[in-house]
Amino acid sequence: MKEQLEAIRKGALEAIAGTKAAAELDALRVKYLGKKGELTAVLKLMGSLSAEERPVMGQMANEVRAAVEKAVEAQSAILEKAALEAKLKAETLDVTIPGKEVALGHKHPMYTVLDEIKQVFLDMGFEIMDGPEIELESYNFTKLNAPESHPSRDWTDTFYLTEDSKILLRTQTSPMQIRAMEEHGVPIRMISPGRVYRKDEVDATHSPMFHQIEGLVVDKGVTMADLKGTLNAVIKKIYGPASVTRFRPHHFPFTEPSCEVDIQCHKCGGKGCPTCKGEGWIEVLGAGMVHPKVLRNCGIDPDEYSGFAFGMGLERFAMGHFKISDLRLIFENDERFLQQF
């Protein structure tokens with residue numbers, strides 16, 4: 001038995017010292033010290049020894065077990081240290097190498113213009129109000145004095161969500177003017193920016209979804225001169241003091257009198273080009289004095305109060321501000337385009 005124990009000690013220590021992985025070391029521990037291991041098998045023979053030999057062999061067996069356990073613990077520490085060194089080496093960073101540049105995003109050009117426009121109106125004492133994109137027909141048309149026969153009510157022009165034409169995707173942010181007058185009362189100076197939807201064909205200046213900014217001023221003594229002065233100040237603030245505007249008579253059911261406001265084409269300077277469809281001018285907004293019926297619909301006496309309203313296309317302002325020739329570029333989200341701003 002003594003020779004067997006010595007053989008186990010020698011074989012175990014040599015095998016343990018040669019291990020290269022934790023799994024291999026654990027397998028050797030089980031082989032020599034497990035319940036069915038070599039040392040256990042030898043100890044089962046203790047019963048065949050004489051009374052004098054048992055204490056001696058028992059002590060020797062304990063020494064062998066202790067030696068193997070110590071060897072396993074020492075080799076485990078060596079393997080853990082080697083694994084840590086290998087991991088650190090693999091994850092080593094050379095701090096002298098220049099780091100990778102982090103690409104930072106920025107605001108979309110359209111929202112850059114929107115923020116500028118908002119600030120212009122805030123500086124003029126206007127409030128900013130928001131409202132639902134899914135709107136009631138009464139707010140989108142009826143309370144704005146649009147008759148049942150008005151072309152904008154047709155299914156070919158408007159995205160209706162119910163068969164009875166009572167709920168729709170708003171075609172303008174004008175319903176917020178009604179909501180503002182009903183909920184806020186007078187006097188009032190507000191703008192309402194947001195998405196609107198119309199069944200327009202996509203081209204260089206049109207889209208079925210676009211952004212609009214509606215504005216409303218209602219107070220005592222408001223005149224058309226206030227309307228023109230306000231809009232000219234806004235346009236010159238955005239496009240520069242040399243900007244040229246044109247006011248043309250028009251008709252809107254919710255304003256009387258009404259007008260269209262154009263700016264001289266930023267692309268051709270008024271000579272005519274594809275962007276302005278050869279006209280030299282680009283329509284940017286419609287405006288007018290609030291119709292007395294609209295004021296009455298909101299419980300406001302038109303004999304005591306007057307006001308003006310306007311609606312402008314945000315994309316067209318962005319096109320003029322950044323000299324963009326095609327509205328579709330704003331929605332395509334091509335990084336080659338967006339990185340220019």
# chains A, B, ... in the order shown; residues from 1 in each chain; ligands from 1
call {"tool": "residues_around", "arguments": {"residues": "range 10-25 of chain A", "least_positions_apart": "2", "cutoff": "12 Å", "atoms": "only C-alpha atoms", "output": "MDAnalysis selection string"}}
result
chainID A and resid 3:8 27:33 37:39 64:83
call {"tool": "select_by_dssp", "arguments": {"residues": "range 95-295 of chain A", "states": "helix (DSSP H, G or I)", "output": "VMD selection string"}}
result
chain A and resid 109 to 123 137 to 140 142 to 144 151 to 153 175 to 184 224 to 239 292 to 295
call {"tool": "closest_atom_pairs", "arguments": {"of": "range 69-111 of chain A", "to": "range 302-317 of chain A", "cutoff": "10 Å", "atoms": "only C-alpha atoms", "output": "CSV"}}
result
residue,atom,partner,partner_atom,distance
A:Pro109,CA,A:Glu315,CA,9.5
A:Met110,CA,A:Glu315,CA,6.5
A:Tyr111,CA,A:Leu314,CA,8.9
call {"tool": "write_last_selection", "arguments": {"atoms": "all heavy atoms", "output": "mmCIF file, in the first residue's frame"}}
result
data_model
loop_
_atom_site.group_PDB
_atom_site.id
_atom_site.type_symbol
_atom_site.label_atom_id
_atom_site.label_comp_id
_atom_site.auth_asym_id
_atom_site.auth_seq_id
_atom_site.Cartn_x
_atom_site.Cartn_y
_atom_site.Cartn_z
ATOM 1 N N PRO A 109 -32.990 70.614 -40.951
ATOM 2 C CA PRO A 109 -33.063 72.009 -41.420
ATOM 3 C C PRO A 109 -34.452 72.623 -41.290
ATOM 4 O O PRO A 109 -34.588 73.819 -41.009
ATOM 5 C CB PRO A 109 -32.620 71.912 -42.884
ATOM 6 C CG PRO A 109 -32.705 70.461 -43.241
ATOM 7 C CD PRO A 109 -32.421 69.734 -41.969
ATOM 8 N N MET A 110 -35.479 71.796 -41.469
ATOM 9 C CA MET A 110 -36.834 72.330 -41.363
ATOM 10 C C MET A 110 -37.133 72.790 -39.940
ATOM 11 O O MET A 110 -37.755 73.836 -39.716
ATOM 12 C CB MET A 110 -37.850 71.279 -41.805
ATOM 13 C CG MET A 110 -39.278 71.796 -41.884
ATOM 14 S SD MET A 110 -40.410 70.503 -42.374
ATOM 15 C CE MET A 110 -40.314 69.418 -40.947
ATOM 16 N N TYR A 111 -36.674 72.005 -38.950
ATOM 17 C CA TYR A 111 -36.937 72.382 -37.559
ATOM 18 C C TYR A 111 -36.024 73.523 -37.100
ATOM 19 O O TYR A 111 -36.355 74.240 -36.156
ATOM 20 C CB TYR A 111 -36.796 71.160 -36.653
ATOM 21 C CG TYR A 111 -37.974 70.227 -36.794
ATOM 22 C CD1 TYR A 111 -37.904 69.103 -37.604
ATOM 23 C CD2 TYR A 111 -39.180 70.517 -36.162
ATOM 24 C CE1 TYR A 111 -39.003 68.269 -37.757
ATOM 25 C CE2 TYR A 111 -40.279 69.697 -36.308
ATOM 26 C CZ TYR A 111 -40.189 68.567 -37.104
ATOM 27 O OH TYR A 111 -41.281 67.748 -37.268
#
